[in-house]
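Shown here: run01.txt, compact mmCIF, C-alpha atoms.
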```
# COMPACT_ATOMS: atom_id res chain seq x y z
CA MET V 1 -12.10 -18.09 30.22
CA THR V 2 -13.15 -14.92 28.37
CA ARG V 3 -10.22 -12.54 27.82
CA ILE V 4 -11.22 -8.87 27.90
CA ILE V 5 -9.60 -5.65 26.69
CA LEU V 6 -11.15 -2.79 28.65
CA THR V 7 -11.19 0.67 27.05
CA GLY V 8 -11.74 3.53 29.46
CA ALA V 9 -10.01 1.28 32.00
CA ASN V 10 -9.16 4.00 34.50
CA GLY V 11 -12.45 5.88 34.33
CA LYS V 12 -15.21 5.55 36.94
CA MET V 13 -16.99 2.75 35.08
CA GLY V 14 -13.68 1.11 34.19
CA LYS V 15 -12.88 0.78 37.89
CA VAL V 16 -16.28 -0.76 38.57
CA ILE V 17 -15.79 -3.22 35.69
CA GLN V 18 -12.45 -4.24 37.21
CA SER V 19 -14.15 -4.92 40.55
CA VAL V 20 -16.90 -7.02 38.95
CA VAL V 21 -14.44 -9.07 36.86
CA SER V 22 -12.17 -9.72 39.86
CA ALA V 23 -15.06 -11.48 41.61
CA ARG V 24 -15.72 -13.85 38.69
CA GLU V 25 -13.94 -16.98 37.49
CA ASP V 26 -15.20 -17.04 33.88
CA CYS V 27 -13.40 -13.92 32.60
CA GLU V 28 -10.30 -11.78 33.05
CA ILE V 29 -9.01 -8.40 31.90
CA VAL V 30 -5.81 -8.93 29.91
CA ALA V 31 -5.23 -5.29 28.93
CA GLY V 32 -6.67 -1.83 29.33
CA VAL V 33 -6.71 1.36 27.28
CA ASP V 34 -6.86 4.83 28.81
CA LYS V 35 -5.11 8.15 28.28
CA PHE V 36 -4.46 8.19 32.02
CA VAL V 37 -2.05 5.44 33.11
CA ASP V 38 -2.58 3.77 36.50
CA ASN V 39 0.25 1.46 37.49
CA SER V 40 -1.71 0.01 40.41
CA VAL V 41 -3.84 -2.26 38.21
CA SER V 42 -2.95 -5.90 37.60
CA PHE V 43 -2.91 -5.67 33.79
CA PRO V 44 -1.03 -3.44 31.31
CA VAL V 45 -2.73 -0.19 30.35
CA TYR V 46 -1.97 1.46 27.00
CA THR V 47 -2.78 4.94 25.79
CA SER V 48 -3.96 3.62 22.40
CA LEU V 49 -5.68 0.45 21.21
CA SER V 50 -3.13 0.13 18.44
CA ASP V 51 -0.42 -0.44 21.09
CA VAL V 52 -2.16 -3.40 22.71
CA GLN V 53 -0.13 -6.60 22.32
CA GLU V 54 -2.32 -9.05 24.25
CA GLU V 55 -4.78 -11.34 22.49
CA ALA V 56 -8.39 -11.08 23.63
CA ASP V 57 -11.83 -12.50 22.92
CA VAL V 58 -13.83 -9.33 23.58
CA ILE V 59 -13.34 -5.58 23.89
CA VAL V 60 -15.54 -3.87 26.48
CA ASP V 61 -15.81 -0.17 25.71
CA PHE V 62 -16.57 2.40 28.40
CA SER V 63 -14.64 5.28 26.83
CA ASN V 64 -15.85 8.15 24.63
CA PRO V 65 -17.72 8.44 21.30
CA ALA V 66 -14.70 10.28 19.85
CA LEU V 67 -12.74 6.99 19.96
CA LEU V 68 -15.26 5.04 17.88
CA ASP V 69 -13.22 5.02 14.66
CA GLU V 70 -10.17 3.54 16.39
CA LEU V 71 -12.34 1.05 18.26
CA LEU V 72 -14.13 -0.28 15.17
CA SER V 73 -10.93 -0.39 13.12
CA PHE V 74 -9.17 -2.48 15.77
CA ALA V 75 -12.12 -4.84 16.23
CA GLU V 76 -12.46 -5.40 12.47
CA LYS V 77 -8.72 -5.93 11.98
CA LYS V 78 -8.47 -8.43 14.85
CA SER V 79 -11.93 -9.97 14.29
CA THR V 80 -12.57 -9.34 17.98
CA ALA V 81 -16.04 -9.18 19.50
CA LEU V 82 -17.02 -5.75 20.81
CA VAL V 83 -19.30 -4.72 23.66
CA ILE V 84 -20.11 -1.03 23.32
CA ALA V 85 -21.31 0.47 26.61
CA THR V 86 -20.43 4.09 25.75
CA THR V 87 -23.35 6.48 25.12
CA GLY V 88 -23.81 9.74 23.23
CA PHE V 89 -23.33 8.51 19.64
CA ASP V 90 -24.81 10.55 16.80
CA ASP V 91 -26.76 9.03 13.90
CA CYS V 92 -23.67 8.82 11.69
CA GLN V 93 -21.76 6.91 14.36
CA LYS V 94 -24.68 4.54 14.91
CA LYS V 95 -24.56 3.72 11.20
CA GLN V 96 -20.80 3.09 11.50
CA ILE V 97 -21.51 0.59 14.27
CA GLN V 98 -24.18 -1.12 12.19
CA ASP V 99 -21.89 -1.33 9.16
CA ALA V 100 -18.97 -2.70 11.22
CA SER V 101 -21.17 -5.51 12.56
CA SER V 102 -20.95 -7.20 9.16
CA LYS V 103 -17.25 -7.79 9.85
CA CYS V 104 -17.16 -8.44 13.60
CA PRO V 105 -19.70 -9.31 16.31
CA ILE V 106 -20.96 -6.21 18.15
CA PHE V 107 -23.11 -6.01 21.28
CA PHE V 108 -24.74 -2.57 21.39
CA THR V 109 -27.45 -1.28 23.70
CA TYR V 110 -28.20 2.10 25.22
CA ASN V 111 -28.34 0.62 28.70
CA MET V 112 -26.64 -2.47 30.12
CA SER V 113 -29.19 -2.87 32.93
CA LEU V 114 -31.47 -5.90 32.73
CA GLY V 115 -34.13 -3.89 34.59
CA ILE V 116 -34.15 -1.11 31.98
CA ASN V 117 -34.59 -3.62 29.19
CA LEU V 118 -37.48 -5.17 31.10
CA LEU V 119 -38.94 -1.66 31.44
CA ALA V 120 -38.82 -1.26 27.66
CA ASN V 121 -40.70 -4.54 27.21
CA LEU V 122 -43.31 -3.52 29.79
CA ALA V 123 -43.78 -0.19 28.01
CA LYS V 124 -44.39 -1.98 24.71
CA LYS V 125 -46.98 -4.18 26.42
CA ALA V 126 -48.65 -1.09 27.89
CA VAL V 127 -48.94 0.45 24.41
CA SER V 128 -50.56 -2.71 23.06
CA VAL V 129 -53.20 -2.47 25.81
CA LEU V 130 -53.70 1.30 26.06
CA GLY V 131 -53.37 2.15 22.37
CA ASN V 132 -53.93 5.78 21.34
CA ASP V 133 -56.03 6.70 24.38
CA PHE V 134 -53.07 7.69 26.56
CA ASP V 135 -50.47 10.45 26.09
CA ILE V 136 -46.90 9.26 26.66
CA GLU V 137 -44.16 11.23 28.39
CA ILE V 138 -40.65 10.04 29.32
CA ILE V 139 -38.70 11.69 32.16
CA GLU V 140 -35.03 10.87 32.67
CA GLN V 141 -32.82 12.08 35.52
CA HIS V 142 -29.02 11.88 35.78
CA HIS V 143 -26.11 13.40 37.67
CA ASN V 144 -24.85 16.90 36.91
CA GLN V 145 -21.73 15.63 35.11
CA LYS V 146 -23.63 13.87 32.30
CA ILE V 147 -23.00 15.61 28.98
CA ASP V 148 -25.61 14.24 26.57
CA ALA V 149 -29.34 14.93 26.82
CA PRO V 150 -31.70 13.26 26.48
CA SER V 151 -30.07 10.07 27.65
CA GLY V 152 -29.52 7.23 25.24
CA THR V 153 -31.75 5.13 27.46
CA ALA V 154 -34.63 7.60 27.15
CA LEU V 155 -34.30 7.43 23.38
CA MET V 156 -34.16 3.63 23.52
CA LEU V 157 -37.41 3.61 25.49
CA ALA V 158 -39.02 6.05 23.07
CA ASP V 159 -37.95 3.93 20.11
CA ALA V 160 -39.35 0.77 21.72
CA ILE V 161 -42.68 2.51 22.33
CA SER V 162 -42.82 4.09 18.86
CA GLU V 163 -42.33 0.71 17.20
CA GLU V 164 -45.66 -0.45 18.65
CA PHE V 165 -47.65 2.15 16.72
CA ASP V 166 -48.65 1.89 13.06
CA LYS V 167 -47.30 5.42 12.54
CA PRO V 168 -43.96 6.36 14.18
CA ARG V 169 -44.22 8.93 16.96
CA LYS V 170 -42.60 12.36 16.88
CA TYR V 171 -40.26 13.11 19.80
CA GLU V 172 -40.90 16.45 21.49
CA TYR V 173 -38.03 17.91 23.51
CA ASP V 174 -38.90 21.61 23.74
CA ARG V 175 -42.49 22.67 24.31
CA HIS V 176 -41.68 26.04 25.81
CA SER V 177 -40.80 27.48 22.39
CA LYS V 178 -44.31 27.10 20.96
CA ARG V 179 -47.91 27.70 22.00
CA GLU V 180 -50.10 24.85 20.81
CA LYS V 181 -51.92 21.84 22.16
CA ARG V 182 -50.14 18.54 22.51
CA SER V 183 -50.69 16.21 19.55
CA LYS V 184 -51.54 12.53 19.95
CA GLU V 185 -48.62 11.58 17.67
CA GLU V 186 -45.85 12.75 19.96
CA ILE V 187 -43.81 11.38 22.85
CA GLY V 188 -42.50 14.02 25.22
CA ILE V 189 -38.94 13.48 26.47
CA HIS V 190 -37.66 15.50 29.42
CA SER V 191 -34.17 15.64 30.96
CA VAL V 192 -33.19 16.48 34.54
CA ARG V 193 -29.56 16.97 35.59
CA GLY V 194 -28.51 17.32 39.20
CA GLY V 195 -26.44 16.05 42.08
CA THR V 196 -25.21 12.47 41.93
CA ILE V 197 -28.31 10.79 40.45
CA VAL V 198 -27.10 7.55 38.86
CA GLY V 199 -30.08 7.14 36.57
CA GLU V 200 -33.86 7.44 36.88
CA HIS V 201 -36.26 6.73 34.01
CA SER V 202 -40.04 7.04 34.16
CA ILE V 203 -42.66 6.52 31.47
CA LEU V 204 -45.96 8.27 32.11
CA PHE V 205 -49.10 7.08 30.33
CA ALA V 206 -51.63 9.89 30.93
CA GLY V 207 -55.24 9.10 30.07
CA ARG V 208 -58.69 10.40 30.86
CA ASP V 209 -58.93 10.56 34.65
CA GLU V 210 -56.14 8.01 35.20
CA ASN V 211 -52.36 7.88 34.96
CA ILE V 212 -50.02 4.91 34.80
CA THR V 213 -46.29 5.25 35.50
CA LEU V 214 -43.59 2.67 34.79
CA SER V 215 -40.20 3.47 36.28
CA HIS V 216 -36.69 2.20 36.91
CA SER V 217 -34.18 3.49 39.45
CA ALA V 218 -30.46 2.73 39.25
CA ARG V 219 -28.89 2.88 42.71
CA SER V 220 -25.28 2.33 41.63
CA LYS V 221 -23.16 2.06 38.51
CA GLU V 222 -22.46 -1.59 39.30
CA ILE V 223 -25.65 -2.75 37.56
CA PHE V 224 -24.26 -1.42 34.26
CA ALA V 225 -20.88 -3.05 34.89
CA VAL V 226 -22.47 -6.43 35.66
CA GLY V 227 -24.50 -6.20 32.47
CA ALA V 228 -21.44 -5.31 30.38
CA VAL V 229 -19.40 -8.20 31.80
CA ASN V 230 -22.28 -10.62 31.22
CA ALA V 231 -22.44 -9.36 27.65
CA ALA V 232 -18.68 -9.87 27.21
CA VAL V 233 -18.88 -13.51 28.33
CA PHE V 234 -21.92 -14.00 26.08
CA MET V 235 -20.11 -12.54 23.04
CA LYS V 236 -17.14 -14.92 23.10
CA ASN V 237 -16.96 -16.88 19.82
CA LYS V 238 -20.01 -15.14 18.34
CA THR V 239 -20.22 -14.66 14.56
CA PRO V 240 -20.38 -11.16 13.00
CA GLY V 241 -23.65 -9.34 13.53
CA MET V 242 -25.50 -7.00 15.87
CA TYR V 243 -26.44 -8.28 19.31
CA ASP V 244 -28.30 -6.64 22.18
CA MET V 245 -29.83 -7.39 25.57
CA GLY V 246 -32.66 -9.28 23.88
CA GLU V 247 -30.24 -12.06 22.86
CA LEU V 248 -28.59 -12.08 26.27
CA VAL V 249 -31.78 -12.67 28.24
CA LYS V 250 -33.37 -15.29 25.96
```
What do you get writing this file as structure tokens?
Amino acid sequence: MTRIILTGANGKMGKVIQSVVSAREDCEIVAGVDKFVDNSVSFPVYTSLSDVQEEADVIVDFSNPALLDELLSFAEKKSTALVIATTGFDDCQKKQIQDASSKCPIFFTYNMSLGINLLANLAKKAVSVLGNDFDIEIIEQHHNQKIDAPSGTALMLADAISEEFDKPRKYEYDRHSKREKRSKEEIGIHSVRGGTIVGEHSILFAGRDENITLSHSARSKEIFAVGAVNAAVFMKNKTPGMYDMGELVK
């Protein structure tokens, strides 16, 4: 049985995680952390990680980038595995996560969906076939409450594509501010925010007289919750290091 501490327990994703875990027999939530206390849940909820008394195998984080310092400190001190499902980290925070992985096992990906990670692999394959003959544009769409743009998933896809080229690609976010032709060395990344869109990601390969589009559509938040819970079970008893969806789906 994998024992889980859930940070962001009373948020939207926290509630979905609770639902997913309740339907499984290989894991349980032993404690939650959230600034908003909900006495209706079946486990204790604390306002700070430092107050948690229960022992756990894994922390699943669906909270806020501002809590990263506390999260990493607790995981290192307790030698507890960590599944980070929060998005919106800056470069400095990403380095913190990388550094902390030398002391505790950390599962970190920009998107917990198996389908999105397959999309990244398909995009890499497309680059190996199409080479420099196609321009590449990424379009991501999310609900109107999402704060960060572009999405972490869009950047993950861009990074996966860029790795396939001999020379890293430049990411272009803002073409309206300049008047010049598109260069072959760039990947355009475009963000749409509106309504209740859960998550839509498309990769356009635009060539001479033909276009190829690879896309993924998330219909509910449950796909991210299922991925995070699968990652938590996978991370039990892991040694320190960085893990991602690639290890999970081997």
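Among the candidates V:Asp166, V:Asp244, V:Asp69, V:Asp26, the one nearest to Phe89 in chain V when counting all atoms listed in the file is V:Asp69.
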Could you name the residues that touch Ile116 in chain V at 12 Å or less, counting only C-alpha atoms, but leaving out those on the same chain fewer than 6 positions away, as an MDAnalysis selection string?
-> chainID V and resid 109:110 122:123 152:154 156:157 160 199:203 214:218 223:224 227 245:246
Write out as JSON an axis-aligned box for range 4-22 of chain V: all of its atoms listed in the file, 6 Å added on each side, centre and edge lengths in Å with one decimal.
```
{"center_x": -13.1, "center_y": -1.9, "center_z": 33.6, "size_x": 19.8, "size_y": 27.6, "size_z": 25.9}
```
At what distance in Å, to one decimal, does CA of Ala85 in chain V lie from CA of Asp61 in chain V?
->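 Spanning CA of Asp61 in chain V to CA of Ala85 in chain V is a straight-line distance of 5.6 Å.
Among V:Val16, V:Val198, V:Ile5, V:Ala81, the residue with the shortest atom-to-atom distance to Leu49 in chain V, counting all atoms listed in the file, is V:Ile5.
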Of the candidates V:Asn39, V:Thr7, V:Asn117, V:Asn132, which one gets nearest to Val52 in chain V if we count all atoms listed in the file?
->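 Looking at the shortest contact to Val52 in chain V, the residue is V:Thr7.
Relative to CA of Ile97 in chain V, CA of Met242 in chain V is found at 8.7 Å.
If only C-alpha atoms are the atoms counted, then among V:Arg175, V:Arg182, V:Lys238, V:Lys146 the closest residue to Leu82 in chain V is V:Lys238.
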Point-to-point distance from CA of Ile139 in chain V to CA of Ile189 in chain V, Å rounded to tenths |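 Going from CA of Ile139 in chain V over to CA of Ile189 in chain V covers 6.0 Å.
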Pick the closest to Ala149 in chain V from V:Arg193, V:Lys170, V:Arg219, V:Lys15: which is it, counting all atoms listed in the file?
-> V:Arg193
Can you list, as an MDAnalysis selection string, every protein, DNA or RNA residue that comes within 10 Å of Val30 in chain V when you count all atoms listed in the file, leaving out same-chain residues fewer than 4 positions away?
-> chainID V and resid 2:6 42:45 52:57
Could you tell me which of V:Met235, V:Ala126, V:Ile147, V:Ile138 comes closest to Tyr171 in chain V if we count all atoms listed in the file?
-> V:Ile138
Within 10 Å of Glu137 in chain V, counting all atoms listed in the file, which residues qualify if same-chain residues fewer than 2 places away don't, as a PDB file with C-alpha atoms, in the frame of the given file?
```
ATOM      1  CA  PHE V 134     -53.070   7.690  26.560  1.00  0.00           C
ATOM      2  CA  ASP V 135     -50.470  10.450  26.090  1.00  0.00           C
ATOM      3  CA  ILE V 139     -38.700  11.690  32.160  1.00  0.00           C
ATOM      4  CA  ALA V 158     -39.020   6.050  23.070  1.00  0.00           C
ATOM      5  CA  TYR V 171     -40.260  13.110  19.800  1.00  0.00           C
ATOM      6  CA  GLU V 172     -40.900  16.450  21.490  1.00  0.00           C
ATOM      7  CA  GLU V 186     -45.850  12.750  19.960  1.00  0.00           C
ATOM      8  CA  ILE V 187     -43.810  11.380  22.850  1.00  0.00           C
ATOM      9  CA  GLY V 188     -42.500  14.020  25.220  1.00  0.00           C
ATOM     10  CA  ILE V 189     -38.940  13.480  26.470  1.00  0.00           C
ATOM     11  CA  HIS V 190     -37.660  15.500  29.420  1.00  0.00           C
ATOM     12  CA  SER V 202     -40.040   7.040  34.160  1.00  0.00           C
ATOM     13  CA  ILE V 203     -42.660   6.520  31.470  1.00  0.00           C
ATOM     14  CA  LEU V 204     -45.960   8.270  32.110  1.00  0.00           C
ATOM     15  CA  PHE V 205     -49.100   7.080  30.330  1.00  0.00           C
ATOM     16  CA  ALA V 206     -51.630   9.890  30.930  1.00  0.00           C
ATOM     17  CA  THR V 213     -46.290   5.250  35.500  1.00  0.00           C
TER      18      THR V 213
END
```
Produce a table with one row for each residue of range 35-108 of chain V that has an atom at most 7 Å from any atom of range 230-234 of chain V, each row naming the nearest atom pair and its distance in Å at one decimal; use all atoms listed in the file; arrange rows by chain and rising residue number; format as a Markdown table.
```
| residue | atom | partner | partner_atom | distance |
| --- | --- | --- | --- | --- |
| V:Val58 | CA | V:Ala232 | CA | 6.1 |
| V:Val60 | CA | V:Ala232 | CA | 6.8 |
| V:Val83 | CA | V:Ala232 | CA | 6.3 |
```
Any chance you could tabulate, as JSON lines, the residues of range 62-129 of chain V at most 12 Å from range 33-37 of chain V with each one's nearest atom pair and distance in Å to one decimal, using all atoms listed in the file, in chain and rising number order?
```
{"residue": "V:Phe62", "atom": "CA", "partner": "V:Val33", "partner_atom": "CA", "distance": 10.0}
{"residue": "V:Ser63", "atom": "CA", "partner": "V:Asp34", "partner_atom": "CA", "distance": 8.0}
{"residue": "V:Asn64", "atom": "CA", "partner": "V:Asp34", "partner_atom": "CA", "distance": 10.5}
{"residue": "V:Leu67", "atom": "CA", "partner": "V:Asp34", "partner_atom": "CA", "distance": 10.8}
{"residue": "V:Glu70", "atom": "CA", "partner": "V:Val33", "partner_atom": "CA", "distance": 11.6}
{"residue": "V:Leu71", "atom": "CA", "partner": "V:Val33", "partner_atom": "CA", "distance": 10.6}
```
